[in-house]
Amino acid sequence: MSKRKEKKAGKHMKKSELADKLVTFFEMRPSEYFVLKQLFRTLHLTTHPLKMLCVDILNDMVEDGYLQINEKGEFKLNGHGRVMTGIFQRKSTGTNTFIPDDGSEPIHIAERNSMHAMNNDKVRIALCATRKRRTIEGEVIEIIERANDTFVGTLKVEKYYAFLLTESRTLANDIFIPKDKLKGGKNGDKAVVRIVEWPEDAKNPIGQVVDVLGQAGDNTTEMHAILAEFGLPYVYPHAVEAAADKISDVITEADYAEREDFRSITTFTIDPKDAKDFDDALSIRAIKPGLWEVGVHIADVTHYVKEGSCIDKEAEKRATSVYLVDRTIPMLPERLCNLLCSLRPNEEKLAFSAIFEMNDKAEVKKHRIVKTVIKSDRRFTYEEAQAVIETGEGDYKDEILKLNELAQILRKNRMAAGAVDFDRVEVRFDIDEKGRPISVYFKESKEANKLIEEFMLLANRTVAECIGKVPQNKKAKVFPYRIHDLPDPDKLENLNWFVNRFGYKLRTSGSKAEVSKSLNKLLTDIRGKKEQNLIEMVSLKAMQKAKYSTHNIGHYGLAFDYYTHFTSPIRRFPDMMVHRLLARYLAGGRTAQEAKYEELCEHSSEMEQIAANAERASIKYKQVEFMGERLGQEFEGTISGVTEWGIYVEINENKCEGMIPMRELDDDYYDFDEKSYCLTGRRYHKKYSLGDPICIRVVRANLERKQLDFALVE
């Protein structure tokens with residue numbers, strides 16, 4: 001454009017055009033100051049109206065904080081304004097977000113301003129200069145703490161170099177690996193790779209292989225890949241196992257002397273058929289007619305695992321055992337969890353026990369918490385105990401039937417107090433020797449499960465009350481509680497709105513007991529109906545997550561004012577903490593350091609969530625593997641999720657979930673209604689709503705992404 005044309009165009013410039021010119025001008029010269037005359041001359045603002053318009057815009061920009069002005073009247077880009085710290089969230093789509101520590105609104109971070117921060121890194125950002133009504137953006141100026149620099153994927157090995165092809169939802173780029181950093185990895189192997197650098201001008205991060213997991217598609221390889229993906233260990237350190245091997249299994253005279261002897265009292269365990277780590281056992285004997293002594297005996301793990309030992313440190317780090325579809329990744333070495341501590345039948349074992357004297361109405365007349373030595377008479381599976389309950393015949397039938405009778409009263413009382421009765425069906429797979437899923441079955445909680453559950457709840461609550469329940473003028477000693485907050489009122493309102501569509505009602509205000517009784521009525525009313533699974537799923541989302549904390553607020557879901565985890569020290573670190581502190585306080589010891597235990601509670605809550613995510617990923621993998629052999633087959637299903645990118649459908653007969661992508665719904669243009677959980681066609685007004693029955697055909701099963709794609713069958 002000639003100078004004459006440029007000047008002519010400048011005479012009739014709109015305010016928005018001039019503002020854009022000024023933004024471009026200052027952003028290209030971020031460190032320079034300019035006086036008005038320079039700006040008029042450079043931008044060819046020759047008329048008085050344009051100069052006045054420019055002055056107005058500049059004043060707005062100063063007011064916005066976009067520009068700064070010095071005492072000489074010179075203008076400069078206000079580069080780095082407020083500095084903030086928080087968490088960087090990376091998405092494979094390239095839409096990066098910064099979550100500020102102060103709880104303020106998330107801030108967009110363009111890839112060019114990300115400093116190659118990784119997902120969940122703790123970073124410091126500076127707010128970029130912004131204009132009014134423009135999205136606030138930030139620039140990473142420091143990576144304070146790396147969250148995770150390892151990734152799992154499949155190796156693609158070329159002649160001179162290799163790449164790790166990741167399926168991570170947080171990394172848009174494959175990882176470049178120099179040939180000498182492959183650690184023996186071959187093309188098609190699953191591997192764990194650590195990013196060692198990401199040069200500023202490079203598209204791909206550079207990494208090195210940390211571990212080769214094996215050939216992609218192999219069952220153990222894929223299970224280890226899931227664990228590695230979530231940062232969970234898939235091998236046990238040899239040094240820790242060696243330390244466990246050195247622990248004596250001899251019960252000494254001193255051990256017998258300081259414990260109550262329950263070896264002669266009828267005692268048994270009831271566990272899943274594939275369990276090897278028996279945390280808990282029950283004993284029962286009649287004291288006199290109508291009065292029973294019930295013992296809840298828990299493996300005395302901390303007798304063997306000393307605080308600060310290498311075994312203890314490993315257990316603390318893991319915080320929980322992880323249960324994948326086909327295997328358990330234990331918190332403790334196998335010698336401890338399956339042999340030494342496990343309450344196996346016909347073996348003398350050390351226990352930490354809650355002993356209750358109960359009448360026929362399941363009222364606790366007395367209780368004590370003591371160290372014991374026990375000897376289990378029988379190991380029952382849940383199925384075997386259930387058969388005794390249903391037929392009234394079998395080993396220790398009198399004891400089992402009495403315990404079941406007491407447990408049912410405990411449960412009834414708990415529900416009357418306002419406990420929430422979530423009783424969800426769990427999907428399980430029958431797996432062949434190669435780990436291939438051959439059939440699906442549903443695990444239901446029957447009376448035998450509930451028998452154990454009620455006595456474990458009673459023991460956990462009693463231990464929590466023993467330490468936490470103190471006179472008003474006294475301060476309770478530091479203790480880890482299992483807490484569960486009230487549901488979010490807005491989420492309850494949304495749930496009520498949702499269940500109204502199916503003809504149900506939910507109370508969303510009133511006392512805790514009134515709301516939970518209304519929720520229980522809903523959960524009872526839907527039992528056996530086609531919408532049961534869906535409404536239970538949406539109801540669970542309205543609930544808060546239970547977690548560990550030294551700050552007790554009670555447990556809403558169980559309707560307990562005091563609750564902890566005491567009954568599973570073989571598989572949960574918080575239970576080990578509880579055992580140690582309980583023994584210390586019962587012996588008259590001083591209160592523990594709150595900050596230390598709160599930090600351990602936070603870590604345990606976090607690891608519990610990670611373990612649950614890994615378990616779900618392993619189930620999803622097996623579902624995709626199972627359905628991969630059923631491509632082209634048609635199934636009846638239920639719409640289990642509606643999003644702007646498609647419809648999630650759960651198959652009725654096996655609970656496998658997949659998606660009908662939006663591109664498959666090509667008969668109309670569909671609008672997504674987030675509040676109503678539905679898609680509605682613009683032309684023909686066809687509607688797809690959460691809970692609707694639907695027929696699908698299986699079209700794709702992507703094991704790498706753990707993703708099923710369905711097509712709609714009209």
# chains A, B, ... in the order shown; residues from 1 in each chain; ligands from 1
>>> select_by_dssp(residues="region 312-392 of chain A", states="strand (DSSP E)", output="ChimeraX atom specification")
/A:322-323,328-329,348-359,364-375,378-381
>>> residues_around(residues="region 400-415 of chain A", least_positions_apart="6", cutoff="8 Å", atoms="only C-alpha atoms", output="PyMOL selection string")
chain A and resi 284+360-362+385+388-389+392+421+447-448+450-451+454-455+517+558-559
>>> residues_around(residues="Ala583 (chain A)", least_positions_apart="2", cutoff="10 Å", atoms="only C-alpha atoms", output="mmCIF file with N, CA and C atoms, in the first residue's frame")
data_model
loop_
_atom_site.group_PDB
_atom_site.id
_atom_site.type_symbol
_atom_site.label_atom_id
_atom_site.label_comp_id
_atom_site.auth_asym_id
_atom_site.auth_seq_id
_atom_site.Cartn_x
_atom_site.Cartn_y
_atom_site.Cartn_z
ATOM 1 N N THR A 302 1.730 -53.619 63.163
ATOM 2 C CA THR A 302 2.779 -52.728 63.690
ATOM 3 C C THR A 302 3.632 -53.401 64.766
ATOM 4 N N PHE A 352 -4.748 -57.028 67.288
ATOM 5 C CA PHE A 352 -5.199 -55.858 68.049
ATOM 6 C C PHE A 352 -6.719 -55.949 67.956
ATOM 7 N N ILE A 369 -10.478 -52.391 74.176
ATOM 8 C CA ILE A 369 -9.575 -52.504 73.020
ATOM 9 C C ILE A 369 -8.243 -52.998 73.564
ATOM 10 N N VAL A 370 -7.856 -54.193 73.144
ATOM 11 C CA VAL A 370 -6.707 -54.861 73.760
ATOM 12 C C VAL A 370 -5.868 -55.603 72.714
ATOM 13 N N LYS A 371 -4.611 -55.853 73.072
ATOM 14 C CA LYS A 371 -3.762 -56.725 72.252
ATOM 15 C C LYS A 371 -4.082 -58.172 72.633
ATOM 16 N N VAL A 578 -3.210 -45.519 62.861
ATOM 17 C CA VAL A 578 -4.209 -45.623 63.928
ATOM 18 C C VAL A 578 -3.752 -46.629 64.988
ATOM 19 N N HIS A 579 -3.236 -47.798 64.561
ATOM 20 C CA HIS A 579 -2.751 -48.810 65.507
ATOM 21 C C HIS A 579 -1.662 -48.238 66.412
ATOM 22 N N ARG A 580 -0.721 -47.527 65.803
ATOM 23 C CA ARG A 580 0.407 -46.998 66.594
ATOM 24 C C ARG A 580 -0.057 -45.958 67.609
ATOM 25 N N LEU A 581 -0.883 -45.023 67.141
ATOM 26 C CA LEU A 581 -1.334 -43.958 68.041
ATOM 27 C C LEU A 581 -2.276 -44.504 69.117
ATOM 28 N N TYR A 585 -1.641 -44.044 73.037
ATOM 29 C CA TYR A 585 -2.570 -43.322 73.910
ATOM 30 C C TYR A 585 -3.151 -44.230 74.998
ATOM 31 N N LEU A 586 -3.409 -45.502 74.653
ATOM 32 C CA LEU A 586 -3.926 -46.431 75.670
ATOM 33 C C LEU A 586 -2.890 -46.657 76.778
ATOM 34 N N ALA A 587 -1.620 -46.474 76.412
ATOM 35 C CA ALA A 587 -0.538 -46.621 77.403
ATOM 36 C C ALA A 587 -0.252 -45.310 78.136
ATOM 37 N N GLY A 588 -1.077 -44.271 77.855
ATOM 38 C CA GLY A 588 -0.906 -42.994 78.554
ATOM 39 C C GLY A 588 0.053 -42.032 77.882
ATOM 40 N N GLY A 589 0.396 -42.309 76.619
ATOM 41 C CA GLY A 589 1.364 -41.470 75.906
ATOM 42 C C GLY A 589 0.827 -40.091 75.544
#
>>> atom_distance(atom1="CA of Ile226 (chain A)", atom2="CA of Ile195 (chain A)")
18.6 Å
>>> residues_around(residues="His297 (chain A)", least_positions_apart="5", cutoff="7 Å", atoms="only C-alpha atoms", output="list of chain:residue names")
A:Asp280, A:Ala281, A:Leu282, A:Ala351, A:Phe352, A:Ser353, A:Ala354
>>> closest_residue(among="A:Lys375, A:Leu324, A:Gln38, A:Asp312", to="Ser283 (chain A)", atoms="only C-alpha atoms")
A:Lys375
>>> residues_around(residues="Asp377 (chain A)", least_positions_apart="2", cutoff="7 Å", atoms="only C-alpha atoms", output="tab-separated table (two decimals) with N, CA and C atoms, in the first residue's frame")
chain	number	residue	atom	x	y	z
A	266	THR	N	-14.04	-69.74	69.74
A	266	THR	CA	-14.41	-69.94	68.33
A	266	THR	C	-14.16	-68.65	67.52
A	267	THR	N	-13.29	-68.77	66.52
A	267	THR	CA	-12.86	-67.61	65.72
A	267	THR	C	-12.76	-68.04	64.26
A	268	PHE	N	-13.17	-67.16	63.36
A	268	PHE	CA	-13.03	-67.49	61.93
A	268	PHE	C	-12.92	-66.20	61.11
A	345	PRO	N	-6.01	-69.82	59.06
A	345	PRO	CA	-6.61	-70.82	59.97
A	345	PRO	C	-5.56	-71.73	60.61
A	346	ASN	N	-5.86	-72.12	61.83
A	346	ASN	CA	-5.03	-73.09	62.58
A	346	ASN	C	-3.60	-72.61	62.84
A	375	LYS	N	-6.38	-67.79	67.40
A	375	LYS	CA	-6.15	-68.93	66.51
A	375	LYS	C	-7.44	-69.18	65.74
>>> residues_around(residues="Arg194 (chain A)", least_positions_apart="4", cutoff="7 Å", atoms="only C-alpha atoms", output="list in words")
Asp149, Thr150, Phe151, Gly207, Gln208, Val209 and Val210 of chain A
>>> write_last_selection(atoms="N, CA and C atoms", output="mmCIF file, in the first residue's frame")
data_model
loop_
_atom_site.group_PDB
_atom_site.id
_atom_site.type_symbol
_atom_site.label_atom_id
_atom_site.label_comp_id
_atom_site.auth_asym_id
_atom_site.auth_seq_id
_atom_site.Cartn_x
_atom_site.Cartn_y
_atom_site.Cartn_z
ATOM 1 N N ASP A 149 7.853 -36.539 35.452
ATOM 2 C CA ASP A 149 8.604 -36.394 34.205
ATOM 3 C C ASP A 149 8.714 -37.730 33.473
ATOM 4 N N THR A 150 7.925 -38.729 33.903
ATOM 5 C CA THR A 150 7.964 -40.023 33.227
ATOM 6 C C THR A 150 6.645 -40.299 32.521
ATOM 7 N N PHE A 151 6.752 -40.976 31.376
ATOM 8 C CA PHE A 151 5.572 -41.291 30.569
ATOM 9 C C PHE A 151 5.653 -42.737 30.099
ATOM 10 N N GLY A 207 13.925 -37.747 25.690
ATOM 11 C CA GLY A 207 13.828 -38.627 26.851
ATOM 12 C C GLY A 207 14.790 -39.790 26.801
ATOM 13 N N GLN A 208 14.802 -40.546 27.895
ATOM 14 C CA GLN A 208 15.582 -41.782 27.928
ATOM 15 C C GLN A 208 14.731 -42.870 28.576
ATOM 16 N N VAL A 209 14.918 -44.105 28.138
ATOM 17 C CA VAL A 209 14.128 -45.220 28.658
ATOM 18 C C VAL A 209 14.572 -45.534 30.083
ATOM 19 N N VAL A 210 13.606 -45.594 30.987
ATOM 20 C CA VAL A 210 13.866 -45.937 32.384
ATOM 21 C C VAL A 210 13.665 -47.430 32.586
#
>>> residues_around(residues="region 227-230 of chain A", least_positions_apart="5", cutoff="8 Å", atoms="only C-alpha atoms", output="ChimeraX atom specification")
/A:151-152,192,610,613-614
>>> write_last_selection(atoms="C-alpha atoms", output="short mmCIF file (atom, residue, chain, number, x, y, z; two decimals), in the first residue's frame")
data_model
loop_
_atom_site.label_atom_id
_atom_site.label_comp_id
_atom_site.auth_asym_id
_atom_site.auth_seq_id
_atom_site.Cartn_x
_atom_site.Cartn_y
_atom_site.Cartn_z
CA PHE A 151 5.57 -41.29 30.57
CA VAL A 152 4.39 -44.69 29.38
CA VAL A 192 8.62 -46.04 30.75
CA ILE A 610 -4.65 -42.77 42.44
CA ASN A 613 -8.07 -44.60 39.17
CA ALA A 614 -5.58 -47.35 38.29
#
>>> closest_residue(among="A:Leu519, A:Val296, A:Ile107, A:Ile570", to="Val463 (chain A)", atoms="only C-alpha atoms")
A:Val296
>>> select_by_dssp(residues="region 337-492 of chain A", states="helix (DSSP H, G or I)", output="count of residues only")
60
>>> closest_residue(among="A:Glu348, A:Glu714, A:Glu316, A:Glu307", to="Glu634 (chain A)", atoms="only C-alpha atoms")
A:Glu714
>>> atom_distance(atom1="CA of Phe176 (chain A)", atom2="CA of Asn119 (chain A)")
18.2 Å
>>> atom_distance(atom1="CA of Phe75 (chain A)", atom2="CA of Tyr33 (chain A)")
5.3 Å
>>> decode(residues="region 534-562 of chain A", atoms="N, CA and C atoms", output="PDB file, in the first residue's frame")
ATOM      1  N   LEU A 534     -27.854 -45.977  36.622  1.00  0.00           N
ATOM      2  CA  LEU A 534     -27.676 -44.601  36.188  1.00  0.00           C
ATOM      3  C   LEU A 534     -27.911 -43.613  37.335  1.00  0.00           C
ATOM      4  N   ILE A 535     -29.030 -43.788  38.050  1.00  0.00           N
ATOM      5  CA  ILE A 535     -29.351 -42.857  39.142  1.00  0.00           C
ATOM      6  C   ILE A 535     -28.339 -43.004  40.279  1.00  0.00           C
ATOM      7  N   GLU A 536     -27.899 -44.246  40.543  1.00  0.00           N
ATOM      8  CA  GLU A 536     -26.871 -44.436  41.577  1.00  0.00           C
ATOM      9  C   GLU A 536     -25.582 -43.722  41.194  1.00  0.00           C
ATOM     10  N   MET A 537     -25.225 -43.782  39.898  1.00  0.00           N
ATOM     11  CA  MET A 537     -24.006 -43.135  39.413  1.00  0.00           C
ATOM     12  C   MET A 537     -24.102 -41.618  39.577  1.00  0.00           C
ATOM     13  N   VAL A 538     -25.238 -41.041  39.176  1.00  0.00           N
ATOM     14  CA  VAL A 538     -25.434 -39.594  39.290  1.00  0.00           C
ATOM     15  C   VAL A 538     -25.513 -39.186  40.768  1.00  0.00           C
ATOM     16  N   SER A 539     -26.126 -40.033  41.603  1.00  0.00           N
ATOM     17  CA  SER A 539     -26.218 -39.754  43.043  1.00  0.00           C
ATOM     18  C   SER A 539     -24.841 -39.733  43.688  1.00  0.00           C
ATOM     19  N   LEU A 540     -23.994 -40.687  43.293  1.00  0.00           N
ATOM     20  CA  LEU A 540     -22.631 -40.740  43.844  1.00  0.00           C
ATOM     21  C   LEU A 540     -21.848 -39.477  43.515  1.00  0.00           C
ATOM     22  N   LYS A 541     -22.090 -38.928  42.312  1.00  0.00           N
ATOM     23  CA  LYS A 541     -21.394 -37.702  41.908  1.00  0.00           C
ATOM     24  C   LYS A 541     -21.810 -36.506  42.753  1.00  0.00           C
ATOM     25  N   ALA A 542     -23.019 -36.580  43.342  1.00  0.00           N
ATOM     26  CA  ALA A 542     -23.487 -35.484  44.204  1.00  0.00           C
ATOM     27  C   ALA A 542     -22.833 -35.549  45.585  1.00  0.00           C
ATOM     28  N   MET A 543     -22.267 -36.725  45.906  1.00  0.00           N
ATOM     29  CA  MET A 543     -21.643 -36.906  47.224  1.00  0.00           C
ATOM     30  C   MET A 543     -20.211 -36.347  47.222  1.00  0.00           C
ATOM     31  N   GLN A 544     -19.747 -35.934  48.377  1.00  0.00           N
ATOM     32  CA  GLN A 544     -18.333 -35.574  48.534  1.00  0.00           C
ATOM     33  C   GLN A 544     -17.523 -36.863  48.615  1.00  0.00           C
ATOM     34  N   LYS A 545     -16.211 -36.763  48.425  1.00  0.00           N
ATOM     35  CA  LYS A 545     -15.342 -37.933  48.580  1.00  0.00           C
ATOM     36  C   LYS A 545     -14.910 -38.043  50.044  1.00  0.00           C
ATOM     37  N   ALA A 546     -14.930 -39.261  50.566  1.00  0.00           N
ATOM     38  CA  ALA A 546     -14.395 -39.477  51.913  1.00  0.00           C
ATOM     39  C   ALA A 546     -12.878 -39.364  51.851  1.00  0.00           C
ATOM     40  N   LYS A 547     -12.270 -38.900  52.944  1.00  0.00           N
ATOM     41  CA  LYS A 547     -10.812 -38.760  52.972  1.00  0.00           C
ATOM     42  C   LYS A 547     -10.307 -38.888  54.404  1.00  0.00           C
ATOM     43  N   TYR A 548      -8.986 -38.843  54.557  1.00  0.00           N
ATOM     44  CA  TYR A 548      -8.363 -38.925  55.877  1.00  0.00           C
ATOM     45  C   TYR A 548      -7.986 -37.527  56.358  1.00  0.00           C
ATOM     46  N   SER A 549      -8.168 -37.282  57.647  1.00  0.00           N
ATOM     47  CA  SER A 549      -7.770 -35.994  58.212  1.00  0.00           C
ATOM     48  C   SER A 549      -7.672 -36.106  59.730  1.00  0.00           C
ATOM     49  N   THR A 550      -6.818 -35.268  60.321  1.00  0.00           N
ATOM     50  CA  THR A 550      -6.753 -35.189  61.787  1.00  0.00           C
ATOM     51  C   THR A 550      -7.839 -34.249  62.314  1.00  0.00           C
ATOM     52  N   HIS A 551      -8.519 -33.540  61.409  1.00  0.00           N
ATOM     53  CA  HIS A 551      -9.585 -32.604  61.803  1.00  0.00           C
ATOM     54  C   HIS A 551     -10.928 -33.299  61.605  1.00  0.00           C
ATOM     55  N   ASN A 552     -11.515 -33.757  62.681  1.00  0.00           N
ATOM     56  CA  ASN A 552     -12.726 -34.569  62.582  1.00  0.00           C
ATOM     57  C   ASN A 552     -13.970 -33.724  62.310  1.00  0.00           C
ATOM     58  N   ILE A 553     -14.718 -34.107  61.271  1.00  0.00           N
ATOM     59  CA  ILE A 553     -16.025 -33.473  61.006  1.00  0.00           C
ATOM     60  C   ILE A 553     -17.125 -34.534  60.939  1.00  0.00           C
ATOM     61  N   GLY A 554     -16.757 -35.780  61.297  1.00  0.00           N
ATOM     62  CA  GLY A 554     -17.733 -36.859  61.226  1.00  0.00           C
ATOM     63  C   GLY A 554     -17.801 -37.464  59.830  1.00  0.00           C
ATOM     64  N   HIS A 555     -18.607 -38.514  59.720  1.00  0.00           N
ATOM     65  CA  HIS A 555     -18.752 -39.216  58.436  1.00  0.00           C
ATOM     66  C   HIS A 555     -20.226 -39.183  58.044  1.00  0.00           C
ATOM     67  N   TYR A 556     -20.552 -38.319  57.087  1.00  0.00           N
ATOM     68  CA  TYR A 556     -21.946 -38.129  56.665  1.00  0.00           C
ATOM     69  C   TYR A 556     -22.566 -39.431  56.138  1.00  0.00           C
ATOM     70  N   GLY A 557     -21.865 -40.108  55.240  1.00  0.00           N
ATOM     71  CA  GLY A 557     -22.424 -41.295  54.584  1.00  0.00           C
ATOM     72  C   GLY A 557     -22.765 -42.411  55.552  1.00  0.00           C
ATOM     73  N   LEU A 558     -21.982 -42.536  56.637  1.00  0.00           N
ATOM     74  CA  LEU A 558     -22.220 -43.593  57.625  1.00  0.00           C
ATOM     75  C   LEU A 558     -23.059 -43.106  58.803  1.00  0.00           C
ATOM     76  N   ALA A 559     -23.288 -41.791  58.867  1.00  0.00           N
ATOM     77  CA  ALA A 559     -24.035 -41.160  59.970  1.00  0.00           C
ATOM     78  C   ALA A 559     -23.329 -41.383  61.312  1.00  0.00           C
ATOM     79  N   PHE A 560     -21.976 -41.313  61.286  1.00  0.00           N
ATOM     80  CA  PHE A 560     -21.169 -41.433  62.508  1.00  0.00           C
ATOM     81  C   PHE A 560     -20.517 -40.083  62.815  1.00  0.00           C
ATOM     82  N   ASP A 561     -20.517 -39.695  64.089  1.00  0.00           N
ATOM     83  CA  ASP A 561     -19.808 -38.467  64.487  1.00  0.00           C
ATOM     84  C   ASP A 561     -18.304 -38.701  64.575  1.00  0.00           C
ATOM     85  N   TYR A 562     -17.917 -39.949  64.843  1.00  0.00           N
ATOM     86  CA  TYR A 562     -16.497 -40.304  64.938  1.00  0.00           C
ATOM     87  C   TYR A 562     -16.282 -41.577  64.132  1.00  0.00           C
TER      88      TYR A 562
END
